[in-house]
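Have a look at the structure below before the remarks.
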Amino acid sequence: GAGVSQSPSNKVTEKGKDVELRCDPISGHTALYWYRQRLGQGLEFLIYFQGNSAPDKSGLPSDRFSAERTGESVSTLTIQRTQQEDSAVYLCASSPRQVEGARGYTFGSGTRLTVV
Amino acid sequence: GQNIDQPTEMTATEGAIVQINCTYQTSGFNGLFWYQQHAGEAPTFLSYNVLDGLEEKGRFSSFLSRSKGYSYLLLKELQMKDSASYLCAVRDGNYKLSFGAGTTVTVRA
């Protein structure tokens, strides 16, 4: 597509439930990133995929968080047994390959997750 | 770890100039980015600096001093539509950006 697409745009879930967030990157972009943005805070790196290489999972905050990506297509971020502190906007971004020069990332509009 | 600091809020009048400062301490440096984010929207790329000096792009300019770990974003001829959050981000490897908390700029008539 023309941009990075994320779904759902909003998700309200009960504490303890599992949620799955989806990211559809720009066609041809080999690199895909997930960030979390809590209210009033900066973007927190979660995970990075580059083509078929092993993902960099160093930013995942706990083993309740996992992400998958098949090839250079859609990625899903799964949060198991959600907690209230998981409430945030989850942003996905893609880039043609490992970010070079000034191209930066193209972000999706995010999924606003609220755990009640 | 990464430490990126920027002011939380700034207010300015339409037509004026505002300078948003960003200081950073990171393990490795491979470029500094500024992003604009309107409420409820995705961040959009504004500028990139990897060498010391000033980069100008229309009403927006960005400056970098690597020795001081310092950057600023200068917004000139402010317009109401410039009211947004401005994010400073440092690339500390060849792919990962670390972000500051963002500066909310409010432009008043």
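In the structure tokens, each chain is lettered A, B, ... as it comes, each chain's residues begin at 1, and ligands are numbered from 1 in order of appearance.
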Set out as a Markdown table a contact list for chain A and chain B with a cut-off of 12 Å, giving each residue of chain A that qualifies its closest atom pair and distance in Å to one decimal, counting only C-alpha atoms, ordered by chain and rising residue number.
| residue | atom | partner | partner_atom | distance |
| --- | --- | --- | --- | --- |
| A:Gly3 | CA | B:Ala42 | CA | 10.7 |
| A:Val4 | CA | B:Ala42 | CA | 9.7 |
| A:Ser5 | CA | B:Ala42 | CA | 10.6 |
| A:Gln6 | CA | B:Ala42 | CA | 10.6 |
| A:Ser9 | CA | B:Gly40 | CA | 10.0 |
| A:Asn10 | CA | B:Gly40 | CA | 10.8 |
| A:Ala31 | CA | B:Tyr95 | CA | 9.2 |
| A:Leu32 | CA | B:Tyr95 | CA | 10.5 |
| A:Tyr33 | CA | B:Lys96 | CA | 8.9 |
| A:Trp34 | CA | B:Lys96 | CA | 10.8 |
| A:Tyr35 | CA | B:Leu97 | CA | 10.0 |
| A:Arg36 | CA | B:Phe99 | CA | 10.9 |
| A:Gln37 | CA | B:Ala101 | CA | 9.1 |
| A:Arg38 | CA | B:Ala101 | CA | 9.6 |
| A:Leu39 | CA | B:Ala101 | CA | 9.6 |
| A:Gly40 | CA | B:Ala101 | CA | 6.8 |
| A:Gln41 | CA | B:Ala101 | CA | 4.5 |
| A:Gly42 | CA | B:Ala101 | CA | 3.5 |
| A:Leu43 | CA | B:Phe99 | CA | 5.5 |
| A:Glu44 | CA | B:Phe99 | CA | 7.1 |
| A:Phe45 | CA | B:Ser98 | CA | 7.1 |
| A:Leu46 | CA | B:Lys96 | CA | 10.2 |
| A:Ile47 | CA | B:Lys96 | CA | 9.6 |
| A:Tyr48 | CA | B:Lys96 | CA | 8.2 |
| A:Phe49 | CA | B:Tyr95 | CA | 10.4 |
| A:Gln50 | CA | B:Tyr95 | CA | 9.8 |
| A:Asp56 | CA | B:Lys96 | CA | 9.9 |
| A:Lys57 | CA | B:Lys96 | CA | 11.8 |
| A:Ser58 | CA | B:Lys96 | CA | 10.9 |
| A:Gly59 | CA | B:Lys96 | CA | 10.5 |
| A:Ala88 | CA | B:Gly40 | CA | 12.0 |
| A:Val89 | CA | B:Gly40 | CA | 9.3 |
| A:Tyr90 | CA | B:Ala42 | CA | 10.5 |
| A:Leu91 | CA | B:Ala42 | CA | 7.8 |
| A:Cys92 | CA | B:Ala42 | CA | 9.3 |
| A:Ala93 | CA | B:Ala42 | CA | 9.4 |
| A:Ser94 | CA | B:Tyr95 | CA | 11.1 |
| A:Ser95 | CA | B:Tyr95 | CA | 9.7 |
| A:Pro96 | CA | B:Tyr95 | CA | 11.4 |
| A:Arg97 | CA | B:Tyr95 | CA | 8.8 |
| A:Gln98 | CA | B:Tyr95 | CA | 5.3 |
| A:Val99 | CA | B:Tyr95 | CA | 5.1 |
| A:Glu100 | CA | B:Asn94 | CA | 7.3 |
| A:Gly101 | CA | B:Gly31 | CA | 7.9 |
| A:Ala102 | CA | B:Tyr48 | CA | 5.5 |
| A:Arg103 | CA | B:Phe45 | CA | 8.2 |
| A:Gly104 | CA | B:Phe45 | CA | 6.9 |
| A:Tyr105 | CA | B:Phe45 | CA | 7.5 |
| A:Thr106 | CA | B:Thr44 | CA | 7.2 |
| A:Phe107 | CA | B:Ala42 | CA | 5.6 |
| A:Gly108 | CA | B:Ala42 | CA | 5.6 |
| A:Ser109 | CA | B:Ala42 | CA | 4.3 |
| A:Gly110 | CA | B:Ala42 | CA | 6.8 |
| A:Thr111 | CA | B:Gly40 | CA | 9.8 |
| A:Arg112 | CA | B:Gly40 | CA | 9.0 |
Serialized selection, C-alpha atoms, as a PDB file, in the first residue's frame:
ATOM      1  CA  GLY A   3       1.637   3.796   3.671  1.00  0.00           C
ATOM      2  CA  VAL A   4       2.122   1.661   6.752  1.00  0.00           C
ATOM      3  CA  SER A   5      -1.243   0.288   7.849  1.00  0.00           C
ATOM      4  CA  GLN A   6      -2.002  -0.771  11.414  1.00  0.00           C
ATOM      5  CA  SER A   9      -6.729   1.638  15.416  1.00  0.00           C
ATOM      6  CA  ASN A  10      -8.187   1.309  18.902  1.00  0.00           C
ATOM      7  CA  ALA A  31      12.773  -3.640   7.585  1.00  0.00           C
ATOM      8  CA  LEU A  32       9.928  -3.416  10.107  1.00  0.00           C
ATOM      9  CA  TYR A  33       9.976  -1.956  13.605  1.00  0.00           C
ATOM     10  CA  TRP A  34       7.599  -1.876  16.553  1.00  0.00           C
ATOM     11  CA  TYR A  35       7.631   0.964  19.076  1.00  0.00           C
ATOM     12  CA  ARG A  36       5.492   1.687  22.134  1.00  0.00           C
ATOM     13  CA  GLN A  37       4.494   5.204  23.150  1.00  0.00           C
ATOM     14  CA  ARG A  38       3.041   5.724  26.599  1.00  0.00           C
ATOM     15  CA  LEU A  39       1.126   8.906  27.316  1.00  0.00           C
ATOM     16  CA  GLY A  40       3.496  11.855  27.523  1.00  0.00           C
ATOM     17  CA  GLN A  41       6.544   9.737  26.842  1.00  0.00           C
ATOM     18  CA  GLY A  42       8.874   9.092  23.940  1.00  0.00           C
ATOM     19  CA  LEU A  43       8.886   6.144  21.611  1.00  0.00           C
ATOM     20  CA  GLU A  44      10.223   2.964  23.200  1.00  0.00           C
ATOM     21  CA  PHE A  45      11.855   0.463  20.840  1.00  0.00           C
ATOM     22  CA  LEU A  46      10.347  -3.026  21.048  1.00  0.00           C
ATOM     23  CA  ILE A  47      11.508  -5.200  18.157  1.00  0.00           C
ATOM     24  CA  TYR A  48      13.080  -5.006  14.701  1.00  0.00           C
ATOM     25  CA  PHE A  49      12.775  -7.328  11.692  1.00  0.00           C
ATOM     26  CA  GLN A  50      15.113  -7.211   8.700  1.00  0.00           C
ATOM     27  CA  ASP A  56      16.259  -7.996  17.301  1.00  0.00           C
ATOM     28  CA  LYS A  57      13.972  -8.565  20.274  1.00  0.00           C
ATOM     29  CA  SER A  58      16.067  -6.617  22.760  1.00  0.00           C
ATOM     30  CA  GLY A  59      13.333  -4.052  23.470  1.00  0.00           C
ATOM     31  CA  ALA A  88      -0.118   2.708  25.226  1.00  0.00           C
ATOM     32  CA  VAL A  89      -0.028   3.473  21.541  1.00  0.00           C
ATOM     33  CA  TYR A  90       1.837   0.784  19.620  1.00  0.00           C
ATOM     34  CA  LEU A  91       3.504   2.188  16.514  1.00  0.00           C
ATOM     35  CA  CYS A  92       4.857   0.239  13.590  1.00  0.00           C
ATOM     36  CA  ALA A  93       7.345   1.621  11.074  1.00  0.00           C
ATOM     37  CA  SER A  94       9.015   0.271   7.972  1.00  0.00           C
ATOM     38  CA  SER A  95      11.984   1.241   5.840  1.00  0.00           C
ATOM     39  CA  PRO A  96      13.494  -0.073   2.602  1.00  0.00           C
ATOM     40  CA  ARG A  97      16.333  -1.760   4.480  1.00  0.00           C
ATOM     41  CA  GLN A  98      18.470  -0.994   7.475  1.00  0.00           C
ATOM     42  CA  VAL A  99      17.957   2.731   7.807  1.00  0.00           C
ATOM     43  CA  GLU A 100      20.513   4.653   5.844  1.00  0.00           C
ATOM     44  CA  GLY A 101      21.115   8.323   5.552  1.00  0.00           C
ATOM     45  CA  ALA A 102      18.194  10.648   5.864  1.00  0.00           C
ATOM     46  CA  ARG A 103      15.391   8.350   4.879  1.00  0.00           C
ATOM     47  CA  GLY A 104      14.369   7.524   8.399  1.00  0.00           C
ATOM     48  CA  TYR A 105      11.309   5.462   8.978  1.00  0.00           C
ATOM     49  CA  THR A 106       7.698   5.633   7.741  1.00  0.00           C
ATOM     50  CA  PHE A 107       5.333   5.202  10.672  1.00  0.00           C
ATOM     51  CA  GLY A 108       1.817   3.866  10.783  1.00  0.00           C
ATOM     52  CA  SER A 109      -0.886   5.687  12.744  1.00  0.00           C
ATOM     53  CA  GLY A 110      -0.622   3.238  15.600  1.00  0.00           C
ATOM     54  CA  THR A 111      -2.927   1.085  17.681  1.00  0.00           C
ATOM     55  CA  ARG A 112      -4.165   2.682  20.892  1.00  0.00           C
TER      56      ARG A 112
END
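We find CA of Arg59 (chain B) and CA of Gln79 (chain B) to be spaced 10.1 Å apart.
When only C-alpha atoms are used to measure the gap to Ser71 (chain B), the shortest distance among B:Ser27, B:Gln19, B:Gln36, B:Asn3 belongs to B:Gln19.
For the atom pair formed by CA of Ser7 (chain A) and CA of Ile26 (chain A), the distance is 14.4 Å, given to one decimal.
The nearest approach to Glu14 (chain B) among the residues B:Ala39, B:Leu64, B:Val90, B:Val105, with only C-alpha atoms taken into account, belongs to B:Val105.
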*Near Gln80 (chain A), within 10 Å and counting only C-alpha atoms, which residues show up once chain neighbours fewer than 4 positions away are dropped, as a list in words?*
Lys15, Gly16, Lys17, Asp18, Val19, Glu20, Ser62, Asp63, Arg64, Phe65 and Ser66 of chain A
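Here CA of Thr106 (chain B) is placed at a distance of 6.9 Å from CA of Ala84 (chain B).
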